[in-house]
>>> print(open('coords_32.cif').read())   # mmCIF, C-alpha atoms
data_data
loop_
_atom_site.label_atom_id
_atom_site.label_comp_id
_atom_site.auth_asym_id
_atom_site.auth_seq_id
_atom_site.Cartn_x
_atom_site.Cartn_y
_atom_site.Cartn_z
CA MET A 1 108.07 26.75 -23.46
CA ALA A 2 105.45 29.42 -24.19
CA THR A 3 103.25 30.41 -21.25
CA MET A 4 99.90 32.13 -20.79
CA LEU A 5 97.59 33.45 -18.08
CA ALA A 6 94.78 31.19 -16.89
CA GLY A 7 92.17 31.40 -14.12
CA ARG A 8 92.85 28.19 -12.16
CA LEU A 9 90.83 26.62 -9.36
CA HIS A 10 92.63 24.19 -7.02
CA LEU A 11 89.87 21.82 -5.96
CA ASP A 12 91.58 20.53 -2.80
CA THR A 13 91.88 23.99 -1.24
CA LEU A 14 89.21 25.83 -3.30
CA LYS A 15 91.85 28.47 -4.00
CA PHE A 16 91.31 30.44 -7.20
CA ALA A 17 94.04 32.50 -8.84
CA VAL A 18 95.11 33.76 -12.25
CA GLU A 19 98.37 31.91 -12.84
CA GLU A 20 101.01 31.58 -15.53
CA VAL A 21 100.84 28.12 -17.09
CA PRO A 22 102.18 26.47 -20.27
CA VAL A 23 100.23 27.06 -23.47
CA PRO A 24 98.58 23.70 -24.24
CA VAL A 25 99.41 21.77 -27.41
CA PRO A 26 96.51 20.36 -29.45
CA GLY A 27 96.39 16.58 -29.74
CA PRO A 28 94.65 14.42 -32.35
CA GLY A 29 91.25 15.86 -33.27
CA GLU A 30 91.87 19.06 -31.31
CA VAL A 31 92.57 22.71 -32.10
CA LEU A 32 94.11 25.46 -30.00
CA ILE A 33 91.79 28.46 -29.62
CA GLU A 34 92.98 32.00 -29.01
CA VAL A 35 90.31 33.14 -26.58
CA LYS A 36 88.69 36.49 -27.35
CA ALA A 37 85.91 36.49 -24.73
CA ALA A 38 84.74 34.27 -21.85
CA GLY A 39 81.61 34.64 -19.74
CA VAL A 40 81.49 34.59 -15.94
CA CYS A 41 78.65 32.38 -14.73
CA LEU A 42 77.10 31.84 -11.31
CA SER A 43 78.15 28.19 -11.55
CA ASP A 44 81.77 29.41 -11.63
CA VAL A 45 81.07 31.18 -8.33
CA HIS A 46 79.58 27.97 -6.92
CA LEU A 47 82.62 25.98 -8.03
CA ILE A 48 84.90 28.38 -6.17
CA ASP A 49 82.80 28.35 -3.00
CA GLY A 50 82.58 24.55 -3.11
CA SER A 51 78.80 24.23 -3.43
CA LEU A 52 79.21 22.79 -6.94
CA LYS A 53 81.71 20.02 -7.60
CA PRO A 54 83.02 18.43 -10.81
CA PHE A 55 81.22 15.27 -11.85
CA HIS A 56 84.58 13.68 -12.65
CA PRO A 57 87.56 13.93 -10.27
CA VAL A 58 90.13 16.62 -11.15
CA ASP A 59 92.77 18.31 -8.98
CA THR A 60 93.02 21.67 -10.70
CA VAL A 61 90.93 23.12 -13.51
CA THR A 62 90.88 26.27 -15.62
CA LEU A 63 87.38 27.70 -15.25
CA GLY A 64 85.17 29.05 -18.02
CA HIS A 65 82.51 27.24 -20.04
CA GLU A 66 81.29 30.23 -22.09
CA VAL A 67 84.03 30.82 -24.65
CA ALA A 68 84.54 32.37 -28.08
CA GLY A 69 87.69 33.03 -30.08
CA VAL A 70 89.63 32.11 -33.20
CA ILE A 71 91.44 28.95 -34.17
CA HIS A 72 95.16 29.45 -33.57
CA THR A 73 96.78 26.05 -34.16
CA LEU A 74 95.53 22.84 -35.74
CA GLY A 75 96.17 19.47 -34.17
CA PRO A 76 96.72 16.28 -36.19
CA GLY A 77 93.96 14.05 -37.51
CA LEU A 78 91.22 16.66 -37.95
CA LEU A 79 88.20 15.52 -39.95
CA GLY A 80 86.84 18.99 -40.76
CA ASP A 81 88.20 21.67 -43.05
CA TRP A 82 89.38 24.00 -40.29
CA ALA A 83 91.84 26.87 -40.74
CA PRO A 84 93.71 29.26 -38.41
CA GLY A 85 91.77 32.47 -37.93
CA THR A 86 88.34 30.81 -38.12
CA ARG A 87 85.90 32.43 -35.67
CA VAL A 88 84.26 29.93 -33.31
CA ALA A 89 82.26 29.54 -30.11
CA LEU A 90 82.91 26.47 -27.97
CA GLN A 91 80.17 24.12 -26.87
CA ALA A 92 80.04 23.98 -23.06
CA GLY A 93 79.66 20.20 -23.08
CA GLN A 94 81.83 17.55 -24.69
CA PRO A 95 80.53 14.02 -25.34
CA CYS A 96 82.68 11.23 -23.95
CA GLY A 97 82.83 9.81 -27.48
CA HIS A 98 82.52 6.14 -26.54
CA CYS A 99 79.26 5.23 -28.29
CA GLY A 100 79.00 8.07 -30.81
CA ASN A 101 75.30 8.70 -30.16
CA CYS A 102 75.90 12.25 -28.93
CA MET A 103 77.96 13.25 -31.93
CA ARG A 104 75.29 11.76 -34.20
CA ARG A 105 72.70 13.53 -32.01
CA LEU A 106 70.63 10.41 -31.55
CA ARG A 107 69.99 11.11 -27.90
CA PRO A 108 71.42 13.21 -25.04
CA CYS A 109 74.50 11.72 -23.42
CA LEU A 110 74.65 11.08 -19.70
CA LYS A 111 78.45 11.02 -19.85
CA THR A 112 78.96 14.52 -21.22
CA LEU A 113 81.99 16.33 -19.83
CA THR A 114 81.62 20.04 -19.06
CA ARG A 115 84.24 22.57 -20.11
CA GLY A 116 85.66 24.49 -17.16
CA LEU A 117 84.32 21.86 -14.77
CA ASP A 118 85.52 18.40 -15.78
CA TYR A 119 88.37 19.67 -17.97
CA ASP A 120 90.12 22.98 -18.64
CA GLY A 121 87.94 25.82 -19.85
CA GLY A 122 88.38 29.23 -21.39
CA TRP A 123 89.37 31.65 -18.63
CA ALA A 124 92.74 31.75 -20.34
CA GLN A 125 94.57 33.28 -23.26
CA TYR A 126 94.39 29.96 -25.10
CA ALA A 127 92.17 26.89 -24.75
CA LEU A 128 92.05 23.43 -26.27
CA ALA A 129 88.88 22.31 -28.02
CA ARG A 130 87.92 19.05 -29.67
CA GLU A 131 86.74 19.76 -33.19
CA ASP A 132 83.25 18.36 -32.56
CA THR A 133 82.72 21.11 -29.95
CA LEU A 134 83.35 23.99 -32.38
CA ALA A 135 80.48 26.18 -33.57
CA LEU A 136 81.21 28.50 -36.48
CA LEU A 137 80.59 32.21 -35.95
CA PRO A 138 79.62 34.66 -38.68
CA ASP A 139 81.67 37.84 -38.88
CA GLN A 140 78.79 40.08 -37.76
CA LEU A 141 78.36 38.40 -34.35
CA PRO A 142 80.70 39.97 -31.73
CA PHE A 143 82.84 37.61 -29.66
CA ASP A 144 81.40 38.78 -26.32
CA GLN A 145 77.83 38.03 -27.40
CA ALA A 146 78.83 34.73 -28.97
CA ALA A 147 80.70 33.62 -25.85
CA ILE A 148 77.62 33.72 -23.62
CA ILE A 149 75.41 31.72 -25.98
CA PRO A 150 76.65 28.34 -24.65
CA ASP A 151 74.89 28.18 -21.25
CA ALA A 152 73.66 31.70 -20.42
CA VAL A 153 71.41 31.71 -23.48
CA SER A 154 71.28 28.09 -24.63
CA THR A 155 70.29 26.69 -21.21
CA PRO A 156 67.09 28.78 -20.89
CA TYR A 157 66.43 28.33 -24.61
CA ALA A 158 66.49 24.53 -24.31
CA ALA A 159 64.48 24.73 -21.08
CA ILE A 160 61.74 26.70 -22.84
CA VAL A 161 61.55 25.03 -26.26
CA GLU A 162 62.48 21.45 -25.29
CA THR A 163 61.83 20.71 -21.62
CA GLY A 164 58.96 23.17 -21.14
CA GLN A 165 57.70 22.77 -24.73
CA VAL A 166 56.31 26.31 -24.68
CA ARG A 167 53.91 27.11 -27.50
CA PRO A 168 52.48 30.43 -28.72
CA ALA A 169 49.86 32.01 -26.44
CA GLN A 170 50.77 29.85 -23.45
CA ALA A 171 51.09 31.60 -20.07
CA VAL A 172 54.64 31.39 -18.73
CA GLY A 173 56.12 32.33 -15.35
CA ILE A 174 59.84 32.91 -14.92
CA TRP A 175 61.30 32.99 -11.43
CA GLY A 176 64.65 34.80 -11.26
CA ALA A 177 65.55 37.54 -13.76
CA GLY A 178 69.32 37.16 -13.51
CA GLY A 179 71.77 35.66 -16.00
CA LEU A 180 69.51 32.75 -17.03
CA GLY A 181 66.08 34.19 -16.31
CA ALA A 182 66.61 37.46 -18.17
CA HIS A 183 67.36 35.47 -21.31
CA GLY A 184 64.48 33.14 -20.49
CA ILE A 185 62.12 36.10 -20.70
CA ARG A 186 63.37 37.15 -24.12
CA LEU A 187 63.31 33.59 -25.42
CA ALA A 188 59.82 32.92 -24.10
CA ARG A 189 58.68 36.03 -25.96
CA LEU A 190 60.47 34.76 -29.08
CA ALA A 191 58.54 31.48 -28.67
CA GLY A 192 55.25 33.42 -28.56
CA ALA A 193 54.38 32.94 -24.87
CA ALA A 194 51.63 35.25 -23.57
CA PRO A 195 51.48 36.48 -20.95
CA ILE A 196 55.02 36.27 -19.58
CA ILE A 197 55.15 36.86 -15.83
CA ALA A 198 58.56 37.51 -14.26
CA VAL A 199 59.07 36.98 -10.53
CA ASP A 200 62.04 38.43 -8.66
CA PRO A 201 62.50 40.03 -5.20
CA LEU A 202 64.86 42.75 -6.54
CA PRO A 203 63.15 45.89 -7.90
CA SER A 204 66.00 46.43 -10.40
CA ALA A 205 65.59 42.86 -11.70
CA ARG A 206 61.85 43.39 -12.13
CA GLU A 207 62.50 46.58 -14.08
CA ARG A 208 64.94 44.70 -16.30
CA ALA A 209 62.41 41.90 -16.78
CA LEU A 210 59.90 44.39 -18.16
CA ALA A 211 62.56 45.90 -20.42
CA PHE A 212 63.41 42.41 -21.70
CA GLY A 213 59.82 41.67 -22.64
CA ALA A 214 57.89 40.46 -19.60
CA ASP A 215 54.22 41.51 -19.52
CA LEU A 216 54.16 41.62 -15.73
CA ALA A 217 56.88 41.62 -13.06
CA LEU A 218 55.94 40.57 -9.51
CA ASP A 219 57.61 40.52 -6.12
CA PRO A 220 57.25 36.95 -4.79
CA ALA A 221 56.70 38.27 -1.25
CA ALA A 222 53.96 40.73 -2.20
CA PRO A 223 50.48 40.18 -0.71
CA GLY A 224 48.09 39.01 -3.36
CA PHE A 225 50.81 37.37 -5.46
CA ALA A 226 48.67 34.38 -6.46
CA GLU A 227 45.70 36.63 -7.22
CA ALA A 228 47.87 38.74 -9.53
CA VAL A 229 48.99 35.65 -11.45
CA HIS A 230 45.45 34.37 -11.82
CA GLN A 231 44.18 37.77 -12.91
CA ALA A 232 46.89 38.00 -15.58
CA THR A 233 46.02 34.50 -16.85
CA ALA A 234 42.22 34.91 -16.87
CA GLY A 235 41.99 32.67 -13.82
CA LEU A 236 43.67 29.70 -15.50
CA GLY A 237 47.19 29.81 -14.05
CA LEU A 238 50.52 29.15 -15.74
CA ASP A 239 51.01 26.60 -18.49
CA ALA A 240 54.73 26.52 -17.66
CA ALA A 241 56.68 27.83 -14.68
CA PHE A 242 60.48 28.01 -14.82
CA ASP A 243 62.73 28.12 -11.78
CA PHE A 244 65.91 29.84 -12.97
CA ALA A 245 66.92 30.75 -9.41
CA GLY A 246 67.53 27.31 -7.91
CA VAL A 247 65.69 28.21 -4.71
CA PRO A 248 63.37 25.72 -2.92
CA ALA A 249 60.83 28.41 -1.97
CA VAL A 250 60.55 29.37 -5.64
CA ARG A 251 59.52 25.85 -6.56
CA GLU A 252 56.88 25.65 -3.86
CA GLN A 253 55.40 28.97 -4.91
CA ALA A 254 55.46 28.17 -8.62
CA ALA A 255 53.67 24.87 -8.07
CA THR A 256 50.72 26.69 -6.49
CA VAL A 257 49.94 28.83 -9.55
CA LEU A 258 50.11 26.21 -12.30
CA ALA A 259 47.19 25.71 -14.65
CA ARG A 260 45.61 22.31 -15.11
CA GLY A 261 48.24 20.28 -16.98
CA GLY A 262 50.87 22.94 -16.27
CA VAL A 263 54.51 22.00 -15.87
CA LEU A 264 57.19 23.14 -13.43
CA VAL A 265 60.68 23.18 -15.01
CA LEU A 266 63.69 23.07 -12.69
CA ALA A 267 66.41 24.91 -14.62
CA GLY A 268 68.16 26.52 -11.64
CA LEU A 269 70.35 24.09 -9.71
CA THR A 270 70.23 23.42 -5.97
CA PRO A 271 71.10 20.39 -3.81
CA LYS A 272 68.14 21.20 -1.53
CA PRO A 273 65.05 18.94 -1.46
CA LEU A 274 62.07 19.58 -3.69
CA THR A 275 58.84 20.09 -1.73
CA ILE A 276 55.29 20.36 -3.05
CA THR A 277 53.10 21.32 -0.12
CA ASP A 278 49.71 20.41 -1.56
CA SER A 279 50.50 17.29 -3.56
CA THR A 280 46.81 16.35 -3.77
CA GLN A 281 46.01 19.51 -5.74
CA PHE A 282 49.17 19.00 -7.79
CA SER A 283 47.96 15.53 -8.78
CA PHE A 284 44.37 16.67 -9.31
CA ARG A 285 45.53 19.33 -11.76
CA ARG A 286 47.68 16.76 -13.62
CA ASN A 287 50.77 18.89 -13.06
CA GLU A 288 54.32 17.77 -13.81
CA VAL A 289 57.84 18.51 -12.56
CA ARG A 290 60.60 18.31 -15.17
CA GLY A 291 64.30 18.56 -14.49
CA HIS A 292 66.51 20.49 -16.88
CA TYR A 293 70.28 20.73 -17.28
CA GLY A 294 72.27 22.62 -19.93
CA SER A 295 71.53 22.25 -23.62
CA GLY A 296 72.52 20.32 -26.73
CA PRO A 297 74.84 21.51 -29.50
CA GLN A 298 71.96 22.08 -31.90
CA TYR A 299 70.58 24.83 -29.65
CA VAL A 300 73.87 26.74 -29.64
CA GLU A 301 73.89 26.61 -33.44
CA GLN A 302 70.27 27.77 -33.63
CA LEU A 303 70.96 30.68 -31.28
CA ILE A 304 74.02 31.74 -33.26
CA ARG A 305 71.74 31.89 -36.31
CA LEU A 306 69.08 33.87 -34.42
CA ALA A 307 71.61 36.33 -32.99
CA SER A 308 73.55 36.83 -36.21
CA THR A 309 70.38 37.49 -38.25
CA GLY A 310 69.05 40.06 -35.81
CA ARG A 311 66.22 37.98 -34.37
CA LEU A 312 67.87 38.03 -30.93
CA ASP A 313 69.89 41.03 -29.72
CA LEU A 314 72.35 39.96 -27.03
CA ALA A 315 74.13 43.31 -26.69
CA PRO A 316 72.03 44.33 -23.63
CA SER A 317 73.15 41.14 -21.88
CA ILE A 318 76.79 42.23 -21.63
CA THR A 319 77.05 44.12 -18.36
CA ALA A 320 80.81 44.75 -18.41
CA HIS A 321 84.12 43.67 -19.93
CA ILE A 322 86.83 42.77 -17.42
CA PRO A 323 90.50 41.88 -18.08
CA LEU A 324 91.34 38.21 -17.55
CA ALA A 325 93.95 39.20 -14.96
CA GLU A 326 91.08 40.58 -12.83
CA ALA A 327 88.98 37.40 -12.96
CA ALA A 328 88.86 37.12 -9.16
CA ASP A 329 87.32 40.60 -9.00
CA ALA A 330 84.73 39.59 -11.60
CA VAL A 331 83.78 36.57 -9.49
CA ALA A 332 83.42 38.78 -6.41
CA ARG A 333 81.25 41.26 -8.32
CA LEU A 334 78.94 38.50 -9.47
CA GLU A 335 78.77 36.92 -6.03
CA ARG A 336 77.81 40.27 -4.47
CA LYS A 337 75.46 41.00 -7.41
CA GLU A 338 77.25 44.31 -7.69
CA GLY A 339 75.44 46.33 -10.35
CA ASP A 340 72.92 43.48 -10.75
CA PRO A 341 74.87 41.98 -13.70
CA ILE A 342 73.45 39.78 -16.42
CA ARG A 343 76.82 38.68 -17.79
CA LEU A 344 80.35 39.86 -17.03
CA VAL A 345 82.78 38.95 -19.80
CA LEU A 346 86.50 38.34 -19.36
CA ILE A 347 88.80 39.64 -22.10
CA PRO A 348 92.32 38.06 -22.26
#
>>> encode(input="coords_32.cif", output="structure tokens")
Amino acid sequence: MATMLAGRLHLDTLKFAVEEVPVPVPGPGEVLIEVKAAGVCLSDVHLIDGSLKPFHPVDTVTLGHEVAGVIHTLGPGLLGDWAPGTRVALQAGQPCGHCGNCMRRLRPCLKTLTRGLDYDGGWAQYALAREDTLALLPDQLPFDQAAIIPDAVSTPYAAIVETGQVRPAQAVGIWGAGGLGAHGIRLARLAGAAPIIAVDPLPSARERALAFGADLALDPAAPGFAEAVHQATAGLGLDAAFDFAGVPAVREQAATVLARGGVLVLAGLTPKPLTITDSTQFSFRRNEVRGHYGSGPQYVEQLIRLASTGRLDLAPSITAHIPLAEAADAVARLERKEGDPIRLVLIP
């Protein structure tokens, strides 16, 4: 039986290791992907440290929900005209398939399974993919850039254009200029937001935020923070504030600088309680809190089009390429924020 390397997490012991496992065989409606690139996400770190758990019980899982590669082997019963060698990115989520609404895109599914969380992902030399999770890649889009589109780019994109409903000339605040927030800045600029105010405690992250298109980058602990936001927005406040950090203090601070009718979008994940200190003012200003999680398949396809036509350059997002065999080192680097990475990419 052919074997391959895979980055496996044992959920009972939270032990992560790159192991030799059998190469999977595609079943009906599936294809086997030869992985060319796979992103390392902070949620992978949280899975390993136990702060994030699968929504569906599994004993051991291959991590990796940001994946791109080529079709290697076709399974039986495929509906599409797929061929070996076809370049694809893999959607991070997979509909359960029971009602068909997700695949017809009638409404978001609450029973979506996440690759690398609820079933095996792409930190491996090969990965299985159901054909409805394949997104075609044009030849000009590199695998490393394509791999990070599902999640690292599509999550902030959907947060901005769908949940936050950002429109041109609206004032936007983005808390956290890391893997999600850095892309959030670029995507808010693409959506026409003005001004874009980035908020991050790290000087290097604030510098990056300005390089990625923010009009202003603030330290959240700086005296006069609120005054700086109001000055930049002509005294009106933010039309939309995005928490990409998943930190309770961020949410409290963001709520205080919203404009009348402004919305607070919770894109960063945390199990901690949400607190709004002055709820009277929050209600008086007609503010809203909106939760956000992931993205739909249409956003991945839109971003592939934007990146492949030069509207969105993702090359600066790739901090480093790391061999799959050194996946544990990549996780440690991200956990320590060594080099302040946007995205580390594993190469099998």
>>> resolve_selection(input="coords_32.cif", expression="the PyMOL selection byres ((chain A and resi 320-332) around 9)", output="JSON, numbers by chain")
{"A": [5, 6, 7, 16, 17, 18, 19, 37, 38, 40, 41, 42, 44, 45, 48, 123, 124, 125, 144, 318, 319, 333, 334, 335, 336, 337, 338, 341, 343, 344, 345, 346, 347, 348]}
>>> write_last_selection(input="coords_32.cif", atoms="C-alpha atoms", output="compact mmCIF listing (two decimals), in the coordinates of the input")
# COMPACT_ATOMS: atom_id res chain seq x y z
CA LEU A 5 97.59 33.45 -18.08
CA ALA A 6 94.78 31.19 -16.89
CA GLY A 7 92.17 31.40 -14.12
CA PHE A 16 91.31 30.44 -7.20
CA ALA A 17 94.04 32.50 -8.84
CA VAL A 18 95.11 33.76 -12.25
CA GLU A 19 98.37 31.91 -12.84
CA ALA A 37 85.91 36.49 -24.73
CA ALA A 38 84.74 34.27 -21.85
CA VAL A 40 81.49 34.59 -15.94
CA CYS A 41 78.65 32.38 -14.73
CA LEU A 42 77.10 31.84 -11.31
CA ASP A 44 81.77 29.41 -11.63
CA VAL A 45 81.07 31.18 -8.33
CA ILE A 48 84.90 28.38 -6.17
CA TRP A 123 89.37 31.65 -18.63
CA ALA A 124 92.74 31.75 -20.34
CA GLN A 125 94.57 33.28 -23.26
CA ASP A 144 81.40 38.78 -26.32
CA ILE A 318 76.79 42.23 -21.63
CA THR A 319 77.05 44.12 -18.36
CA ARG A 333 81.25 41.26 -8.32
CA LEU A 334 78.94 38.50 -9.47
CA GLU A 335 78.77 36.92 -6.03
CA ARG A 336 77.81 40.27 -4.47
CA LYS A 337 75.46 41.00 -7.41
CA GLU A 338 77.25 44.31 -7.69
CA PRO A 341 74.87 41.98 -13.70
CA ARG A 343 76.82 38.68 -17.79
CA LEU A 344 80.35 39.86 -17.03
CA VAL A 345 82.78 38.95 -19.80
CA LEU A 346 86.50 38.34 -19.36
CA ILE A 347 88.80 39.64 -22.10
CA PRO A 348 92.32 38.06 -22.26
>>> closest_atom_pairs(input="coords_32.cif", of="range 84-174 of chain A", to="range 290-301 of chain A", cutoff="10 Å", atoms="only C-alpha atoms", output="tab-separated table")
residue	atom	partner	partner_atom	distance
A:Ala89	CA	A:Val300	CA	8.9
A:Leu90	CA	A:Val300	CA	9.2
A:Gln91	CA	A:Pro297	CA	6.5
A:Ala92	CA	A:Gly294	CA	8.5
A:Gly93	CA	A:Gly296	CA	8.0
A:Gln94	CA	A:Pro297	CA	9.4
A:Cys102	CA	A:Gly296	CA	9.0
A:Met103	CA	A:Pro297	CA	9.2
A:Arg105	CA	A:Gln298	CA	8.6
A:Arg107	CA	A:Gly296	CA	9.6
A:Pro108	CA	A:Gly296	CA	7.4
A:Cys109	CA	A:Gly296	CA	9.4
A:Thr114	CA	A:Gly294	CA	9.7
A:Asp132	CA	A:Pro297	CA	9.5
A:Thr133	CA	A:Pro297	CA	7.9
A:Leu134	CA	A:Pro297	CA	9.3
A:Ala135	CA	A:Glu301	CA	6.6
A:Leu136	CA	A:Glu301	CA	8.1
A:Leu137	CA	A:Glu301	CA	9.1
A:Ala146	CA	A:Val300	CA	9.4
A:Ile148	CA	A:Val300	CA	10.0
A:Ile149	CA	A:Val300	CA	6.4
A:Pro150	CA	A:Val300	CA	5.9
A:Asp151	CA	A:Gly294	CA	6.3
A:Ala152	CA	A:Gly294	CA	9.2
A:Val153	CA	A:Val300	CA	8.3
A:Ser154	CA	A:Val300	CA	5.8
A:Thr155	CA	A:Gly294	CA	4.7
A:Pro156	CA	A:Gly294	CA	8.1
A:Tyr157	CA	A:Tyr299	CA	7.4
A:Ala158	CA	A:Ser295	CA	5.6
A:Ala159	CA	A:His292	CA	6.3
A:Ile160	CA	A:His292	CA	9.8
A:Val161	CA	A:Tyr299	CA	9.6
A:Glu162	CA	A:Ser295	CA	9.2
A:Thr163	CA	A:His292	CA	6.7
A:Gly164	CA	A:Arg290	CA	7.9
>>> residues_around(input="coords_32.cif", residues="Leu117 in chain A", least_positions_apart="2", cutoff="10 Å", atoms="all atoms listed in the file", output="list in words")
Leu9, Ser43, Asp44, Leu47, Leu52, Lys53, Pro54, Phe55, His56, Pro57, Val58, Thr60, Val61, Thr62, Leu63, Gly64, His65, Ala92, Gly93, Leu113, Thr114, Arg115, Tyr119, Asp120 and Gly121 of chain A
>>> residues_around(input="coords_32.cif", residues="Glu131 in chain A", least_positions_apart="4", cutoff="8 Å", atoms="all atoms listed in the file", output="PyMOL selection string")
chain A and resi 29-31+78+80
>>> closest_residue(input="coords_32.cif", among="A:Thr3, A:Gln140, A:Thr275, A:Thr73", to="Gly27 in chain A", atoms="all atoms listed in the file")
A:Thr73
>>> atom_distance(input="coords_32.cif", atom1="CA of Arg305 in chain A", atom2="CA of Gly173 in chain A")
26.1 Å
>>> resolve_selection(input="coords_32.cif", expression="the PyMOL selection byres ((chain A and resi 199-208) around 6)", output="list in words")
Trp175, Gly176, Ala177, Ala198, Ala209, Leu210, Ala211, Ala217, Leu218 and Asp219 of chain A
>>> atom_distance(input="coords_32.cif", atom1="CA of Asp215 in chain A", atom2="CA of Ala254 in chain A")
17.3 Å
>>> closest_residue(input="coords_32.cif", among="A:Gly39, A:Pro26, A:Gly181, A:Gly116", to="Gly75 in chain A", atoms="all atoms listed in the file")
A:Pro26
>>> atom_distance(input="coords_32.cif", atom1="CA of Leu74 in chain A", atom2="CA of Gln302 in chain A")
25.8 Å
>>> residues_around(input="coords_32.cif", residues="Val35 in chain A", least_positions_apart="3", cutoff="7 Å", atoms="all atoms listed in the file", output="count of residues only")
10
>>> resolve_selection(input="coords_32.cif", expression="the PyMOL selection byres ((chain A and resi 232-247) around 6)", output="JSON, numbers by chain")
{"A": [170, 171, 172, 173, 174, 175, 176, 181, 229, 230, 231, 248, 249, 250, 257, 258, 259, 262, 263, 264, 265, 266, 267, 268, 269, 270]}
>>> closest_residue(input="coords_32.cif", among="A:Gly85, A:Ala2, A:Lys36, A:Gln145", to="Pro22 in chain A", atoms="all atoms listed in the file")
A:Ala2
>>> closest_residue(input="coords_32.cif", among="A:Ala255, A:Ala228, A:Val88, A:Ala147", to="Arg285 in chain A", atoms="all atoms listed in the file")
A:Ala255
>>> closest_residue(input="coords_32.cif", among="A:Leu14, A:Ile71, A:Ala191, A:Ala222", to="Leu128 in chain A", atoms="all atoms listed in the file")
A:Ile71
>>> closest_residue(input="coords_32.cif", among="A:Ala315, A:Glu288, A:Leu306, A:Ile196", to="Pro138 in chain A", atoms="all atoms listed in the file")
A:Leu306
